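Dumped structure_36.pdb below, it's PDB, C-alpha atoms and all ligand atoms:
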```
MODEL        1
ATOM      1  CA  MET A   1      52.592 204.566 126.272
ATOM      2  CA  GLU A   2      52.585 203.495 122.645
ATOM      3  CA  LYS A   3      51.514 206.041 120.011
ATOM      4  CA  TYR A   4      50.300 205.252 116.512
ATOM      5  CA  GLN A   5      51.737 207.616 113.933
ATOM      6  CA  ALA A   6      52.015 207.965 110.126
ATOM      7  CA  THR A   7      52.457 210.676 107.475
ATOM      8  CA  ALA A   8      50.925 210.887 104.004
ATOM      9  CA  ILE A   9      50.881 213.324 101.099
ATOM     10  CA  ALA A  10      47.993 214.001  98.707
ATOM     11  CA  HIS A  11      47.417 216.494  95.906
ATOM     12  CA  PRO A  12      44.332 218.634  95.368
ATOM     13  CA  ASN A  13      42.420 217.892  92.156
ATOM     14  CA  ILE A  14      40.599 219.957  89.551
ATOM     15  CA  ALA A  15      37.265 218.626  88.314
ATOM     16  CA  LEU A  16      36.678 218.791  84.557
ATOM     17  CA  ILE A  17      33.140 217.459  84.980
ATOM     18  CA  LYS A  18      31.901 218.782  88.315
ATOM     19  CA  TYR A  19      30.248 217.399  91.425
ATOM     20  CA  TRP A  20      27.572 219.732  92.818
ATOM     21  CA  GLY A  21      24.786 218.559  95.112
ATOM     22  CA  ASN A  22      24.336 215.388  97.157
ATOM     23  CA  ARG A  23      21.687 212.720  97.128
ATOM     24  CA  ASP A  24      22.777 211.923 100.712
ATOM     25  CA  HIS A  25      24.497 214.791 102.538
ATOM     26  CA  GLU A  26      25.593 212.810 105.592
ATOM     27  CA  MET A  27      27.330 210.145 103.471
ATOM     28  CA  ARG A  28      28.334 212.604 100.741
ATOM     29  CA  ILE A  29      26.787 210.503  97.969
ATOM     30  CA  PRO A  30      26.791 212.861  94.963
ATOM     31  CA  GLU A  31      23.907 213.529  92.599
ATOM     32  CA  ASN A  32      26.184 212.926  89.600
ATOM     33  CA  GLY A  33      29.510 211.390  88.631
ATOM     34  CA  SER A  34      32.548 213.610  88.089
ATOM     35  CA  ILE A  35      36.037 213.490  86.581
ATOM     36  CA  SER A  36      39.222 215.309  87.569
ATOM     37  CA  PHE A  37      42.976 215.239  87.508
ATOM     38  CA  ASN A  38      45.315 215.636  90.441
ATOM     39  CA  LEU A  39      47.455 218.771  90.674
ATOM     40  CA  GLY A  40      50.952 217.342  90.992
ATOM     41  CA  SER A  41      52.849 220.451  92.053
ATOM     42  CA  LEU A  42      50.484 221.261  94.934
ATOM     43  CA  TYR A  43      50.262 219.070  98.000
ATOM     44  CA  THR A  44      49.150 218.679 101.574
ATOM     45  CA  LYS A  45      51.304 216.633 103.936
ATOM     46  CA  THR A  46      49.521 215.294 107.000
ATOM     47  CA  THR A  47      50.893 213.538 110.060
ATOM     48  CA  VAL A  48      48.432 211.858 112.391
ATOM     49  CA  ILE A  49      49.311 210.585 115.861
ATOM     50  CA  PHE A  50      46.711 208.511 117.713
ATOM     51  CA  ASN A  51      47.687 208.789 121.357
ATOM     52  CA  PRO A  52      45.978 206.888 124.212
ATOM     53  CA  SER A  53      46.735 209.758 126.628
ATOM     54  CA  LEU A  54      44.829 212.405 124.592
ATOM     55  CA  GLU A  55      41.331 213.431 125.648
ATOM     56  CA  ILE A  56      40.454 215.426 122.525
ATOM     57  CA  ASP A  57      41.604 215.704 118.907
ATOM     58  CA  SER A  58      43.843 218.607 117.902
ATOM     59  CA  LEU A  59      44.722 220.216 114.574
ATOM     60  CA  GLU A  60      47.735 222.238 113.491
ATOM     61  CA  ILE A  61      47.817 223.722 109.962
ATOM     62  CA  ASN A  62      51.063 225.279 108.678
ATOM     63  CA  GLY A  63      52.358 225.616 112.259
ATOM     64  CA  ILE A  64      49.206 227.238 113.680
ATOM     65  CA  GLN A  65      46.822 225.532 116.110
ATOM     66  CA  THR A  66      43.353 225.543 114.565
ATOM     67  CA  LEU A  67      40.170 225.582 116.643
ATOM     68  CA  ASN A  68      36.465 226.111 115.886
ATOM     69  CA  SER A  69      34.994 224.857 112.605
ATOM     70  CA  GLY A  70      38.272 223.560 111.124
ATOM     71  CA  LEU A  71      38.944 221.352 114.151
ATOM     72  CA  LYS A  72      35.284 220.311 114.383
ATOM     73  CA  ARG A  73      35.333 219.067 110.790
ATOM     74  CA  ILE A  74      38.548 217.077 111.335
ATOM     75  CA  SER A  75      37.208 215.713 114.612
ATOM     76  CA  ASN A  76      33.941 214.609 112.956
ATOM     77  CA  PHE A  77      36.006 212.817 110.345
ATOM     78  CA  LEU A  78      38.264 211.163 112.939
ATOM     79  CA  LYS A  79      35.088 209.908 114.614
ATOM     80  CA  ILE A  80      34.315 208.053 111.361
ATOM     81  CA  VAL A  81      37.885 206.676 111.294
ATOM     82  CA  ARG A  82      37.426 205.476 114.897
ATOM     83  CA  GLU A  83      34.170 203.765 113.951
ATOM     84  CA  TRP A  84      35.667 202.130 110.834
ATOM     85  CA  THR A  85      38.720 200.874 112.730
ATOM     86  CA  SER A  86      37.273 200.275 116.236
ATOM     87  CA  THR A  87      39.936 202.597 117.661
ATOM     88  CA  PRO A  88      39.188 204.389 120.929
ATOM     89  CA  TYR A  89      42.053 206.917 120.715
ATOM     90  CA  TYR A  90      41.993 210.626 119.972
ATOM     91  CA  ALA A  91      44.559 212.077 117.601
ATOM     92  CA  GLN A  92      46.894 214.965 116.975
ATOM     93  CA  VAL A  93      46.764 216.058 113.319
ATOM     94  CA  ILE A  94      49.601 218.156 111.880
ATOM     95  CA  SER A  95      49.102 219.377 108.336
ATOM     96  CA  GLU A  96      51.071 221.578 105.962
ATOM     97  CA  ASN A  97      50.332 222.848 102.455
ATOM     98  CA  ASN A  98      52.912 223.944  99.896
ATOM     99  CA  PHE A  99      50.386 226.327  98.370
ATOM    100  CA  PRO A 100      49.263 229.557 100.006
ATOM    101  CA  MET A 101      46.361 229.075 102.403
ATOM    102  CA  GLY A 102      43.546 231.486 101.682
ATOM    103  CA  ALA A 103      44.600 231.664  98.022
ATOM    104  CA  GLY A 104      41.257 230.165  97.195
ATOM    105  CA  ILE A 105      42.633 226.763  96.197
ATOM    106  CA  ALA A 106      40.338 224.084  97.572
ATOM    107  CA  SER A 107      42.551 222.402 100.126
ATOM    108  CA  SER A 108      39.957 220.061 101.627
ATOM    109  CA  ALA A 109      40.427 217.350  98.974
ATOM    110  CA  ALA A 110      44.174 217.041  99.617
ATOM    111  CA  ALA A 111      43.647 217.417 103.369
ATOM    112  CA  PHE A 112      41.113 214.599 103.744
ATOM    113  CA  ALA A 113      42.858 212.300 101.237
ATOM    114  CA  SER A 114      46.184 212.596 103.094
ATOM    115  CA  LEU A 115      44.470 212.313 106.493
ATOM    116  CA  SER A 116      42.613 209.140 105.403
ATOM    117  CA  LEU A 117      45.754 207.384 104.238
ATOM    118  CA  ALA A 118      47.850 208.508 107.230
ATOM    119  CA  SER A 119      45.141 207.442 109.721
ATOM    120  CA  ILE A 120      44.776 203.938 108.304
ATOM    121  CA  LYS A 121      48.550 203.430 108.199
ATOM    122  CA  ALA A 122      49.031 204.863 111.707
ATOM    123  CA  LEU A 123      46.626 202.256 113.053
ATOM    124  CA  GLY A 124      48.558 199.496 111.293
ATOM    125  CA  LEU A 125      45.690 198.731 108.931
ATOM    126  CA  PHE A 126      45.339 198.450 105.176
ATOM    127  CA  LEU A 127      42.505 199.550 102.892
ATOM    128  CA  THR A 128      42.171 199.009  99.155
ATOM    129  CA  GLU A 129      42.306 202.147  96.999
ATOM    130  CA  LYS A 130      38.544 201.876  96.555
ATOM    131  CA  ASP A 131      37.879 201.785 100.299
ATOM    132  CA  LEU A 132      40.378 204.560 101.032
ATOM    133  CA  SER A 133      38.569 206.727  98.498
ATOM    134  CA  ARG A 134      35.235 205.873 100.189
ATOM    135  CA  LEU A 135      36.715 206.934 103.524
ATOM    136  CA  ALA A 136      38.169 210.200 102.130
ATOM    137  CA  ARG A 137      34.763 210.961 100.571
ATOM    138  CA  ARG A 138      33.268 211.215 104.064
ATOM    139  CA  GLY A 139      35.553 214.187 104.867
ATOM    140  CA  SER A 140      35.006 216.065 101.609
ATOM    141  CA  GLY A 141      33.339 214.584  98.537
ATOM    142  CA  SER A 142      36.054 215.623  96.110
ATOM    143  CA  ALA A 143      38.730 214.149  98.442
ATOM    144  CA  CYS A 144      37.824 210.695  97.115
ATOM    145  CA  ARG A 145      39.238 211.804  93.742
ATOM    146  CA  SER A 146      42.640 212.672  95.320
ATOM    147  CA  ILE A 147      43.330 209.059  96.355
ATOM    148  CA  PRO A 148      43.903 207.447  92.903
ATOM    149  CA  GLN A 149      46.548 208.732  90.485
ATOM    150  CA  GLY A 150      46.291 210.799  87.316
ATOM    151  CA  PHE A 151      42.893 211.181  85.656
ATOM    152  CA  VAL A 152      40.138 210.020  87.970
ATOM    153  CA  GLU A 153      36.429 209.234  87.785
ATOM    154  CA  TRP A 154      34.182 209.278  90.836
ATOM    155  CA  LEU A 155      31.387 206.775  90.343
ATOM    156  CA  PRO A 156      28.426 208.360  92.139
ATOM    157  CA  GLY A 157      26.789 205.098  93.230
ATOM    158  CA  ARG A 158      23.572 204.928  95.212
ATOM    159  CA  ASP A 159      25.062 204.167  98.616
ATOM    160  CA  ASP A 160      28.283 204.247 100.607
ATOM    161  CA  GLN A 161      29.646 201.012  99.133
ATOM    162  CA  GLU A 162      29.105 202.052  95.520
ATOM    163  CA  SER A 163      30.416 205.624  95.705
ATOM    164  CA  PHE A 164      34.180 205.701  95.090
ATOM    165  CA  SER A 165      36.882 206.869  92.673
ATOM    166  CA  TYR A 166      39.315 205.091  90.394
ATOM    167  CA  SER A 167      41.994 206.143  87.911
ATOM    168  CA  PHE A 168      40.929 205.771  84.268
ATOM    169  CA  ALA A 169      44.143 207.190  82.746
ATOM    170  CA  SER A 170      47.605 207.428  84.259
ATOM    171  CA  VAL A 171      49.650 210.517  85.170
ATOM    172  CA  ASN A 172      51.603 210.289  81.909
ATOM    173  CA  HIS A 173      48.601 209.708  79.654
ATOM    174  CA  TRP A 174      48.318 213.358  78.551
ATOM    175  CA  ASP A 175      50.525 216.320  79.503
ATOM    176  CA  LEU A 176      47.747 218.695  80.547
ATOM    177  CA  VAL A 177      48.469 221.490  82.996
ATOM    178  CA  ASP A 178      46.275 223.655  85.166
ATOM    179  CA  VAL A 179      47.203 227.355  85.051
ATOM    180  CA  ILE A 180      45.468 228.751  88.121
ATOM    181  CA  ALA A 181      44.639 232.449  88.033
ATOM    182  CA  ILE A 182      44.121 233.784  91.560
ATOM    183  CA  VAL A 183      41.809 236.806  91.474
ATOM    184  CA  ALA A 184      40.812 236.896  95.166
ATOM    185  CA  LYS A 185      42.648 235.646  98.229
ATOM    186  CA  ASN A 186      39.891 235.826 100.811
ATOM    187  CA  HIS A 187      38.171 232.681 102.057
ATOM    188  CA  LYS A 188      34.930 231.966 100.257
ATOM    189  CA  SER A 189      31.775 233.198 101.969
ATOM    190  CA  VAL A 190      29.781 230.003 101.369
ATOM    191  CA  GLY A 191      31.890 226.847 101.330
ATOM    192  CA  SER A 192      31.098 223.841  99.185
ATOM    193  CA  THR A 193      29.539 221.744 101.966
ATOM    194  CA  ALA A 194      26.875 224.429 102.496
ATOM    195  CA  GLY A 195      26.675 224.988  98.734
ATOM    196  CA  HIS A 196      25.878 221.338  97.967
ATOM    197  CA  ALA A 197      22.937 221.581 100.365
ATOM    198  CA  LEU A 198      21.500 224.503  98.358
ATOM    199  CA  ALA A 199      21.833 222.889  94.925
ATOM    200  CA  ASN A 200      18.316 221.443  94.840
ATOM    201  CA  SER A 201      16.795 224.856  95.506
ATOM    202  CA  SER A 202      17.786 225.818  91.948
ATOM    203  CA  PRO A 203      15.266 224.848  89.244
ATOM    204  CA  LEU A 204      18.267 224.203  86.984
ATOM    205  CA  GLN A 205      19.893 221.509  89.139
ATOM    206  CA  ARG A 206      17.554 218.780  87.879
ATOM    207  CA  VAL A 207      18.484 219.562  84.284
ATOM    208  CA  ARG A 208      22.198 219.763  85.114
ATOM    209  CA  VAL A 209      22.125 216.381  86.862
ATOM    210  CA  ALA A 210      20.022 214.685  84.152
ATOM    211  CA  ASP A 211      22.547 215.705  81.472
ATOM    212  CA  ALA A 212      25.639 214.888  83.568
ATOM    213  CA  PRO A 213      26.241 211.315  82.279
ATOM    214  CA  ARG A 214      26.302 212.654  78.704
ATOM    215  CA  ARG A 215      28.859 215.354  79.586
ATOM    216  CA  LEU A 216      30.939 212.901  81.593
ATOM    217  CA  GLY A 217      30.989 210.452  78.678
ATOM    218  CA  ILE A 218      32.144 213.158  76.251
ATOM    219  CA  GLY A 219      34.754 214.501  78.697
ATOM    220  CA  LYS A 220      36.177 211.083  79.524
ATOM    221  CA  ASN A 221      36.303 210.075  75.868
ATOM    222  CA  ALA A 222      38.036 213.354  74.962
ATOM    223  CA  ILE A 223      40.688 212.651  77.607
ATOM    224  CA  LEU A 224      41.167 209.061  76.445
ATOM    225  CA  GLN A 225      41.454 210.241  72.811
ATOM    226  CA  ARG A 226      43.528 213.311  73.792
ATOM    227  CA  ASP A 227      41.065 215.462  71.842
ATOM    228  CA  PHE A 228      41.548 218.957  73.274
ATOM    229  CA  ASN A 229      38.830 220.785  71.325
ATOM    230  CA  GLU A 230      36.219 218.225  72.331
ATOM    231  CA  LEU A 231      37.377 218.477  75.964
ATOM    232  CA  ALA A 232      37.418 222.296  75.959
ATOM    233  CA  GLU A 233      33.780 222.656  74.876
ATOM    234  CA  ILE A 234      32.402 220.213  77.440
ATOM    235  CA  VAL A 235      34.581 221.456  80.337
ATOM    236  CA  GLU A 236      33.410 225.055  79.861
ATOM    237  CA  LEU A 237      29.786 223.979  79.455
ATOM    238  CA  ASP A 238      29.962 221.898  82.630
ATOM    239  CA  SER A 239      31.499 224.729  84.667
ATOM    240  CA  ASN A 240      28.943 227.213  83.309
ATOM    241  CA  LEU A 241      26.101 224.843  84.185
ATOM    242  CA  MET A 242      27.347 224.418  87.760
ATOM    243  CA  HIS A 243      27.669 228.186  88.206
ATOM    244  CA  SER A 244      24.191 228.659  86.718
ATOM    245  CA  VAL A 245      22.852 226.357  89.429
ATOM    246  CA  MET A 246      24.818 228.250  92.091
ATOM    247  CA  MET A 247      23.528 231.627  90.897
ATOM    248  CA  THR A 248      19.918 230.416  90.805
ATOM    249  CA  SER A 249      19.948 228.706  94.222
ATOM    250  CA  ASN A 250      18.041 230.163  97.123
ATOM    251  CA  PRO A 251      19.926 232.006  98.591
ATOM    252  CA  SER A 252      21.930 232.520  95.432
ATOM    253  CA  LEU A 253      25.658 231.876  95.356
ATOM    254  CA  PHE A 254      27.525 234.298  93.188
ATOM    255  CA  TYR A 255      31.247 233.550  93.282
ATOM    256  CA  TRP A 256      32.580 235.598  90.365
ATOM    257  CA  GLU A 257      34.697 238.749  90.535
ATOM    258  CA  PRO A 258      35.151 241.120  87.552
ATOM    259  CA  ALA A 259      38.492 239.476  86.689
ATOM    260  CA  THR A 260      36.767 236.058  86.655
ATOM    261  CA  ILE A 261      34.524 237.197  83.819
ATOM    262  CA  SER A 262      37.422 238.859  81.973
ATOM    263  CA  ILE A 263      39.261 235.522  81.939
ATOM    264  CA  MET A 264      36.141 233.543  80.976
ATOM    265  CA  LYS A 265      35.691 235.837  77.982
ATOM    266  CA  ALA A 266      39.375 235.804  76.992
ATOM    267  CA  VAL A 267      40.068 232.040  77.068
ATOM    268  CA  PRO A 268      37.670 231.025  74.210
ATOM    269  CA  GLU A 269      39.147 233.891  72.164
ATOM    270  CA  TRP A 270      42.660 232.514  72.747
ATOM    271  CA  ARG A 271      41.347 229.145  71.578
ATOM    272  CA  GLN A 272      40.067 230.695  68.350
ATOM    273  CA  GLN A 273      43.475 232.301  67.862
ATOM    274  CA  GLY A 274      45.175 228.892  68.088
ATOM    275  CA  ILE A 275      46.012 228.472  71.791
ATOM    276  CA  PRO A 276      44.188 225.362  72.963
ATOM    277  CA  ALA A 277      43.014 226.305  76.452
ATOM    278  CA  CYS A 278      39.727 226.135  78.341
ATOM    279  CA  TYR A 279      38.497 227.427  81.695
ATOM    280  CA  THR A 280      36.778 225.835  84.664
ATOM    281  CA  LEU A 281      35.841 227.289  88.065
ATOM    282  CA  ASP A 282      35.226 225.650  91.422
ATOM    283  CA  ALA A 283      33.161 227.204  94.203
ATOM    284  CA  GLY A 284      35.108 230.451  94.114
ATOM    285  CA  PRO A 285      36.232 233.271  91.822
ATOM    286  CA  ASN A 286      39.628 231.868  90.780
ATOM    287  CA  VAL A 287      39.895 230.454  87.276
ATOM    288  CA  HIS A 288      41.577 227.185  86.343
ATOM    289  CA  ILE A 289      42.818 227.347  82.751
ATOM    290  CA  ILE A 290      43.508 223.903  81.359
ATOM    291  CA  CYS A 291      45.952 223.532  78.454
ATOM    292  CA  GLN A 292      48.673 221.249  77.145
ATOM    293  CA  SER A 293      52.074 221.830  78.751
ATOM    294  CA  GLU A 294      53.612 223.248  75.558
ATOM    295  CA  TYR A 295      51.150 226.175  75.752
ATOM    296  CA  ALA A 296      51.541 226.827  79.505
ATOM    297  CA  ASN A 297      54.011 229.733  79.107
ATOM    298  CA  ASP A 298      51.795 231.430  76.513
ATOM    299  CA  VAL A 299      48.771 231.058  78.792
ATOM    300  CA  VAL A 300      50.670 232.381  81.837
ATOM    301  CA  ASN A 301      51.823 235.440  79.852
ATOM    302  CA  LEU A 302      48.332 236.116  78.532
ATOM    303  CA  VAL A 303      46.565 235.697  81.874
ATOM    304  CA  ASN A 304      49.100 237.919  83.642
ATOM    305  CA  GLN A 305      47.999 240.776  81.365
ATOM    306  CA  ILE A 306      44.404 240.628  82.629
ATOM    307  CA  THR A 307      43.505 243.300  85.188
ATOM    308  CA  GLY A 308      42.718 241.841  88.595
ATOM    309  CA  VAL A 309      44.902 238.705  88.351
ATOM    310  CA  LEU A 310      46.889 238.626  91.597
ATOM    311  CA  GLN A 311      48.930 235.470  91.190
ATOM    312  CA  VAL A 312      49.317 232.584  88.742
ATOM    313  CA  MET A 313      50.254 229.006  89.646
ATOM    314  CA  VAL A 314      50.932 226.136  87.247
ATOM    315  CA  SER A 315      50.520 222.442  87.950
ATOM    316  CA  PRO A 316      50.910 219.312  85.806
ATOM    317  CA  VAL A 317      48.876 216.130  86.313
ATOM    318  CA  GLY A 318      49.848 214.426  89.575
ATOM    319  CA  GLY A 319      49.931 211.019  91.218
ATOM    320  CA  GLY A 320      47.716 209.603  93.932
ATOM    321  CA  ALA A 321      48.002 209.849  97.719
ATOM    322  CA  TYR A 322      51.121 208.200  99.154
ATOM    323  CA  LEU A 323      52.813 207.458 102.441
ATOM    324  CA  VAL A 324      55.963 209.240 103.583
ATOM    325  CA  GLU A 325      58.597 207.423 105.627
ATOM    326  CA  GLU A 326      59.431 209.233 108.884
TER     327      GLU A 326
HETATM  328  O1  LIG B 401      34.369 218.189  97.893
HETATM  329  P1  LIG B 401      33.713 219.513  98.110
HETATM  330  O2  LIG B 401      32.611 219.431  99.099
HETATM  331  O3  LIG B 401      34.744 220.561  98.453
HETATM  332  O4  LIG B 401      33.021 219.965  96.743
HETATM  333  C1  LIG B 401      33.736 220.262  95.580
HETATM  334  C2  LIG B 401      32.867 221.012  94.640
HETATM  335  C3  LIG B 401      33.547 221.596  93.423
HETATM  336  O5  LIG B 401      34.925 221.841  93.663
HETATM  337  C4  LIG B 401      32.870 222.920  93.093
HETATM  338  C5  LIG B 401      33.378 220.691  92.201
HETATM  339  C6  LIG B 401      34.225 219.444  92.176
HETATM  340  O6  LIG B 401      33.741 218.451  91.588
HETATM  341  O7  LIG B 401      35.363 219.453  92.681
ENDMDL
END
```

Starting from the coordinates I provided, produce the structure as structure tokens.
Ligand code: PMV
Amino acid sequence: MEKYQATAIAHPNIALIKYWGNRDHEMRIPENGSISFNLGSLYTKTTVIFNPSLEIDSLEINGIQTLNSGLKRISNFLKIVREWTSTPYYAQVISENNFPMGAGIASSAAAFASLSLASIKALGLFLTEKDLSRLARRGSGSACRSIPQGFVEWLPGRDDQESFSYSFASVNHWDLVDVIAIVAKNHKSVGSTAGHALANSSPLQRVRVADAPRRLGIGKNAILQRDFNELAEIVELDSNLMHSVMMTSNPSLFYWEPATISIMKAVPEWRQQGIPACYTLDAGPNVHIICQSEYANDVVNLVNQITGVLQVMVSPVGGGAYLVEE
């Protein structure tokens, strides 16, 4: 019996202006636009095999069969792929990451971006970059930003058709790197899907969302002009605003560890001392320190001296999702 198989690779991305909270949870239509860059040295490689003889979907991550919530999420997404493509078949999904699982690096963006591209190719179909990013968005909002290359903006839109990502500056536009300081390796207690649903319970979310277009405009312009100081101020403000919303949600989400705060206090001091770097945090305690590549070694040395830093990873800006020949 014929099987339909393809493999794709996608990188995770780090948001410089963050997405937090949905206007439509089911469709993952965000409350505000966001911008990010892909993390070129980290990737997820996903093979999908639609097989007429299967009766359920299956998921293997880094050689281990995954059941429960991980499989349920993939299976819910494959249901959307089946609807989009009028395919009746179940699929075997085999995924591997080159970054440590449980290191607190959001892997869902790379996972759903690579799964989207591999699924469409496996079924012999083609989608534009815009439509692929719309599809990836249904698995994990930020996954739509891992489809295009380089520096990416997610246009929030008001419905499914309007909510997609595109690249506004290429991989080589600016040699930024993300120095990722791992301060906790356990899986986060409240994941981002649940977190988005709590955002509106914070009285600060309305203010954060209302001001988001202004921050996005400043951040995007700073990237286009390669103005690091302008970028640094707005990136830290945006991250602090998102964490203020998290901390004031009901129930409150408090992701920081002591080392998180040590790094957040140190980075602006380094900036004052002449090392252009800024911090941003996702829904977890690990800190992403953004700097230009020429300062990466200095930043790695400095961050390694902070008590509680377990591991440091460095990634340059990366390309978009792509197919791998088998
Ligand atoms: O795509 P999700 O549901 O994993 O949400 C991502 C949320 C943040 O990482 C905190 C912010 C962002 O814009 O990536």

### Task
Find the spatial neighbours of Asp227 of chain A, counting all atoms listed in the file, within a cut-off of 12 Å - ignore same-chain residues fewer than 3 positions away - and output them as a list in words.
Trp174, Leu176, Ile218, Gly219, Lys220, Asn221, Ala222, Ile223, Leu224, Glu230, Leu231, Ala232, Glu233, Ile234, Pro276, Ala277, Cys291 and Gln292 of chain A

How would the residues just picked look written out with C-alpha atoms as a short mmCIF file (atom, residue, chain, number, x, y, z; two decimals), in the frame of the given file?
```cif
data_model
loop_
_atom_site.label_atom_id
_atom_site.label_comp_id
_atom_site.auth_asym_id
_atom_site.auth_seq_id
_atom_site.Cartn_x
_atom_site.Cartn_y
_atom_site.Cartn_z
CA TRP A 174 48.32 213.36 78.55
CA LEU A 176 47.75 218.70 80.55
CA ILE A 218 32.14 213.16 76.25
CA GLY A 219 34.75 214.50 78.70
CA LYS A 220 36.18 211.08 79.52
CA ASN A 221 36.30 210.08 75.87
CA ALA A 222 38.04 213.35 74.96
CA ILE A 223 40.69 212.65 77.61
CA LEU A 224 41.17 209.06 76.44
CA GLU A 230 36.22 218.22 72.33
CA LEU A 231 37.38 218.48 75.96
CA ALA A 232 37.42 222.30 75.96
CA GLU A 233 33.78 222.66 74.88
CA ILE A 234 32.40 220.21 77.44
CA PRO A 276 44.19 225.36 72.96
CA ALA A 277 43.01 226.30 76.45
CA CYS A 291 45.95 223.53 78.45
CA GLN A 292 48.67 221.25 77.14
#
```

### Task
Show which residues sit within 12 Å of Leu237 of chain A, as a ChimeraX atom specification. Count all atoms listed in the file, and ignore same-chain residues fewer than 6 positions away.
/A:16-18,208,211-212,214-216,218-219,230-231,243-244,264,268,278-281

Kindly save the residues from that selection, with C-alpha atoms included, as a PDB file, in the coordinates of the input.
```pdb
ATOM      1  CA  LEU A  16      36.678 218.791  84.557  1.00  0.00           C
ATOM      2  CA  ILE A  17      33.140 217.459  84.980  1.00  0.00           C
ATOM      3  CA  LYS A  18      31.901 218.782  88.315  1.00  0.00           C
ATOM      4  CA  ARG A 208      22.198 219.763  85.114  1.00  0.00           C
ATOM      5  CA  ASP A 211      22.547 215.705  81.472  1.00  0.00           C
ATOM      6  CA  ALA A 212      25.639 214.888  83.568  1.00  0.00           C
ATOM      7  CA  ARG A 214      26.302 212.654  78.704  1.00  0.00           C
ATOM      8  CA  ARG A 215      28.859 215.354  79.586  1.00  0.00           C
ATOM      9  CA  LEU A 216      30.939 212.901  81.593  1.00  0.00           C
ATOM     10  CA  ILE A 218      32.144 213.158  76.251  1.00  0.00           C
ATOM     11  CA  GLY A 219      34.754 214.501  78.697  1.00  0.00           C
ATOM     12  CA  GLU A 230      36.219 218.225  72.331  1.00  0.00           C
ATOM     13  CA  LEU A 231      37.377 218.477  75.964  1.00  0.00           C
ATOM     14  CA  HIS A 243      27.669 228.186  88.206  1.00  0.00           C
ATOM     15  CA  SER A 244      24.191 228.659  86.718  1.00  0.00           C
ATOM     16  CA  MET A 264      36.141 233.543  80.976  1.00  0.00           C
ATOM     17  CA  PRO A 268      37.670 231.025  74.210  1.00  0.00           C
ATOM     18  CA  CYS A 278      39.727 226.135  78.341  1.00  0.00           C
ATOM     19  CA  TYR A 279      38.497 227.427  81.695  1.00  0.00           C
ATOM     20  CA  THR A 280      36.778 225.835  84.664  1.00  0.00           C
ATOM     21  CA  LEU A 281      35.841 227.289  88.065  1.00  0.00           C
TER      22      LEU A 281
END
```

### Task
Identify, on the basis of only C-alpha atoms, every residue whose closest approach to segment 142-144 of chain A does not exceed 7 Å; exclude the query and any residue fewer than 5 positions from it along the same chain; express the result as a list in words.
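Final neighbour list, sorted by chain and number: Ser108, Ala109, Ala110, Phe112, Ala113, Ser133, Arg134, Ala136, Arg137, Phe164 and Ser165 of chain A.
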
For segment 67-83 of chain A, list every protein, DNA or RNA residue within 7 Å, evaluated using all atoms listed in the file, and leave out those in the same chain fewer than 4 positions away; present the list as a short mmCIF file (atom, residue, chain, number, x, y, z; two decimals) with C-alpha atoms, keeping the file's coordinate frame.
```cif
data_model
loop_
_atom_site.label_atom_id
_atom_site.label_comp_id
_atom_site.auth_asym_id
_atom_site.auth_seq_id
_atom_site.Cartn_x
_atom_site.Cartn_y
_atom_site.Cartn_z
CA ASP A 57 41.60 215.70 118.91
CA SER A 58 43.84 218.61 117.90
CA LEU A 59 44.72 220.22 114.57
CA THR A 87 39.94 202.60 117.66
CA PRO A 88 39.19 204.39 120.93
CA GLY A 139 35.55 214.19 104.87
#
```

Counting all atoms listed in the file, what are the residues of chain A within 6 Å of ligand LIG 401 (chain B), and for each of them which pair of atoms is the nearest and at what distance in Å, to one decimal? Sort the table by chain and rising number, as CSV.
```
residue,atom,partner,partner_atom,distance
A:Ala15,CA,B:LIG401,O6,4.8
A:Lys18,CA,B:LIG401,O6,3.8
A:Tyr19,CA,B:LIG401,O6,3.7
A:Trp20,CA,B:LIG401,C2,5.7
A:Ser140,CA,B:LIG401,O1,4.3
A:Gly141,CA,B:LIG401,O1,3.8
A:Ser142,CA,B:LIG401,O1,3.6
A:Ala143,CA,B:LIG401,O1,6.0
A:Ser192,CA,B:LIG401,O2,4.7
A:Thr193,CA,B:LIG401,O2,4.8
A:Asp282,CA,B:LIG401,C4,4.0
A:Ala283,CA,B:LIG401,C4,4.4
```

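Nearest residue to Leu54 of chain A among A:Asn172, A:Gln92, A:Ser86, A:Ser239 is A:Gln92, counting all atoms listed in the file.
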
### Task
Check what the PyMOL selection byres (((chain A and resi 115) around 8) and not hetatm) selects in the file above and give those residues as a ChimeraX atom specification.
/A:8,46-48,111-114,116-119,136

Write to file, as a PDB file, keeping the file's coordinate frame, the residues of the selection just made, with C-alpha atoms.
```
ATOM      1  CA  ALA A   8      50.925 210.887 104.004  1.00  0.00           C
ATOM      2  CA  THR A  46      49.521 215.294 107.000  1.00  0.00           C
ATOM      3  CA  THR A  47      50.893 213.538 110.060  1.00  0.00           C
ATOM      4  CA  VAL A  48      48.432 211.858 112.391  1.00  0.00           C
ATOM      5  CA  ALA A 111      43.647 217.417 103.369  1.00  0.00           C
ATOM      6  CA  PHE A 112      41.113 214.599 103.744  1.00  0.00           C
ATOM      7  CA  ALA A 113      42.858 212.300 101.237  1.00  0.00           C
ATOM      8  CA  SER A 114      46.184 212.596 103.094  1.00  0.00           C
ATOM      9  CA  SER A 116      42.613 209.140 105.403  1.00  0.00           C
ATOM     10  CA  LEU A 117      45.754 207.384 104.238  1.00  0.00           C
ATOM     11  CA  ALA A 118      47.850 208.508 107.230  1.00  0.00           C
ATOM     12  CA  SER A 119      45.141 207.442 109.721  1.00  0.00           C
ATOM     13  CA  ALA A 136      38.169 210.200 102.130  1.00  0.00           C
TER      14      ALA A 136
END
```
